[in-house]
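*Asks:* Structure in structure tokens, see below.
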Amino acid sequence: SEEGIEMMKTLGAHATFNHRQPGYVDQIYEETGKKGVDVILENLANVNLDADLKLLAYGGRVMVVGSRGRIEIDPRAAMMCEADIRGVMLFHNTPEDFAVSYQAIQAGIRSGHINPVVGKRWTLAQAPTAHEHIIENTGALGKSVFVIE
């Protein structure tokens with residue numbers, strides 16, 4: 001959304017693209033000197049993964065951090081750029097892994113390199129409504145959080 005693009009610019013993004021607008025692929029190639037992108041953090045792989053593979057530079061990676069179902073992709077798109085598709089989940093992290101991640105995130109927040117954006121705030125009593133809102137709406141601005149009172 002335009003609001004999301006403006007928010008990303010205020011957070012320091014060098015370039016922003018709206019994948020719902022015609023011509024965004026051409027804009028990405030123009031911005032990257034016709035090379036494509038090195039990394040995509042994909043939050044909705046069941047919708048976007050096939051298109052993501054066409055945006056990657058040689059040796060590029062798609063880090064799948066979210067998906068709501070299955071998708072069919074053309075493996076040739078991955079082969080053409082020798083892409084790496086990596087699923088990312090935290091379930092297998094050890095307590096030591098979490099400690100290192102936590103320290104790195106806290107250091108980034110203290111230094112100003114990480115600026116968390118909070119979108120909607122929900123109470124625990126609103127959890128069913130929050131879940132429906134997240135599933136039915138796209139284009140969230142910031143993270144939805146539960147406020148514990």
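In the structure tokens, chains take letters A, B, ... by order of appearance, with residues numbered from 1 within each chain and ligands from 1 in the order shown.
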Which residues of segment 82-109 of chain A come within 12 Å of segment 25-44 of chain A, and what is each one's closest atom pair and distance in Å (one decimal), counting only C-alpha atoms, sorted by chain and residue number, as CSV?
*Replies:*
residue,atom,partner,partner_atom,distance
A:Glu82,CA,A:Asp38,CA,11.5
A:Ala83,CA,A:Asp38,CA,9.4
A:Asp84,CA,A:Val39,CA,9.5
A:Ile85,CA,A:Ile40,CA,9.6
A:Arg86,CA,A:Leu41,CA,9.8
A:Gly87,CA,A:Glu42,CA,9.6
A:Val88,CA,A:Leu41,CA,9.7
A:Met89,CA,A:Asn43,CA,11.9
*Asks:* Env of segment 124-139 of chain A: 10 Å cut, atoms = only C-alpha atoms, seq-sep filter 6 positions within chain, self excluded. Answer as a PyMOL selection string.
*Replies:* chain A and resi 1-4+68+145-149
*Asks:* DSSP says strand (DSSP E or B) for which residues of segment 2-88 of chain A? Put them as a PyMOL selection string?
*Replies:* chain A and resi 37-42+56-64+84-87
*Asks:* Any idea what's packed within 9 Å of Thr16 of chain A, counting only C-alpha atoms, ignoring anything in its chain fewer than 2 positions away? Could you give it as a VMD selection string?
*Replies:* chain A and resid 5 to 6 8 to 9 13 to 14 18 28
*Asks:* Find the residue from A:Ser101, A:Ser144, A:Thr10, A:Asn46 that sits nearest to Val118 of chain A; use only C-alpha atoms when measuring.
*Replies:*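 Closest residue, counting only C-alpha atoms: A:Ser144.
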*Asks:* Quick one: pull the distance between atom CA of Phe17 of chain A and atom CA of Ala57 of chain A, Å, one decimal.
*Replies:*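 One can read the atom CA of Phe17 of chain A to atom CA of Ala57 of chain A distance as 16.6 Å.
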*Asks:* Residues of segment 72-133 of chain A within 7 Å of segment 49-54 of chain A: nearest atom pair and distance (Å, one decimal) for each, counting only C-alpha atoms, sorted by chain and number, as JSON lines?
*Replies:*
{"residue": "A:Ile73", "atom": "CA", "partner": "A:Asp50", "partner_atom": "CA", "distance": 5.0}
{"residue": "A:Asp74", "atom": "CA", "partner": "A:Asp50", "partner_atom": "CA", "distance": 6.8}
{"residue": "A:Ala77", "atom": "CA", "partner": "A:Leu53", "partner_atom": "CA", "distance": 5.7}
{"residue": "A:Ala78", "atom": "CA", "partner": "A:Leu53", "partner_atom": "CA", "distance": 5.9}
*Asks:* Would you mind listing what lies within 7 Å of Val117 of chain A as a list in words, with only C-alpha atoms counted and same-chain residues fewer than 2 positions away left out?
*Replies:*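 Once the adjacent positions are removed, what remains is Asn115, Gly119, Gly142 and Lys143 of chain A.
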*Asks:* Would you save the residues of that selection, restricted to N, CA, C and O atoms, as a PDB file, in the first residue's frame?
*Replies:*
ATOM      1  N   ASN A 115      14.151  -0.638  14.264  1.00  0.00           N
ATOM      2  CA  ASN A 115      13.079   0.234  14.756  1.00  0.00           C
ATOM      3  C   ASN A 115      11.749  -0.507  14.667  1.00  0.00           C
ATOM      4  O   ASN A 115      11.069  -0.418  13.653  1.00  0.00           O
ATOM      5  N   GLY A 119       1.721  -1.957  15.063  1.00  0.00           N
ATOM      6  CA  GLY A 119       0.497  -1.578  14.376  1.00  0.00           C
ATOM      7  C   GLY A 119      -0.677  -1.648  15.336  1.00  0.00           C
ATOM      8  O   GLY A 119      -0.792  -0.847  16.257  1.00  0.00           O
ATOM      9  N   GLY A 142       2.980  -2.426  10.453  1.00  0.00           N
ATOM     10  CA  GLY A 142       3.524  -2.766  11.759  1.00  0.00           C
ATOM     11  C   GLY A 142       2.999  -4.101  12.243  1.00  0.00           C
ATOM     12  O   GLY A 142       2.163  -4.737  11.623  1.00  0.00           O
ATOM     13  N   LYS A 143       3.528  -4.527  13.365  1.00  0.00           N
ATOM     14  CA  LYS A 143       3.158  -5.803  13.958  1.00  0.00           C
ATOM     15  C   LYS A 143       1.936  -5.650  14.839  1.00  0.00           C
ATOM     16  O   LYS A 143       1.790  -4.664  15.551  1.00  0.00           O
TER      17      LYS A 143
END
*Asks:* Please determine, counting only C-alpha atoms, which residue among A:Val65, A:Val100, A:Ile71, A:Ala140 has the shortest atom-to-atom distance to Val47 of chain A.
*Replies:*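 Checking each candidate against Val47 of chain A, we get A:Ile71 as the closest.
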*Asks:* Please indicate the distance in Å from atom CA of Leu90 of chain A to atom CA of Gln103 of chain A, rounded to one decimal place.
*Replies:*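 So the answer is 15.8 Å.
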*Asks:* Give the answer as one residue: which of A:Leu11, A:Leu55, A:Met79, A:Val62 has the shortest atom-to-atom distance to Ile114 of chain A, using only C-alpha atoms?
*Replies:*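 Going through A:Leu11, A:Leu55, A:Met79, A:Val62 one by one, the smallest distance to Ile114 of chain A is for A:Leu11.
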*Asks:* Measure the distance from atom CA of Glu72 of chain A to atom CA of Ala45 of chain A in Å and round it to one decimal.
*Replies:*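 Computing the Euclidean distance for atom CA of Glu72 of chain A and atom CA of Ala45 of chain A yields 10.3 Å.
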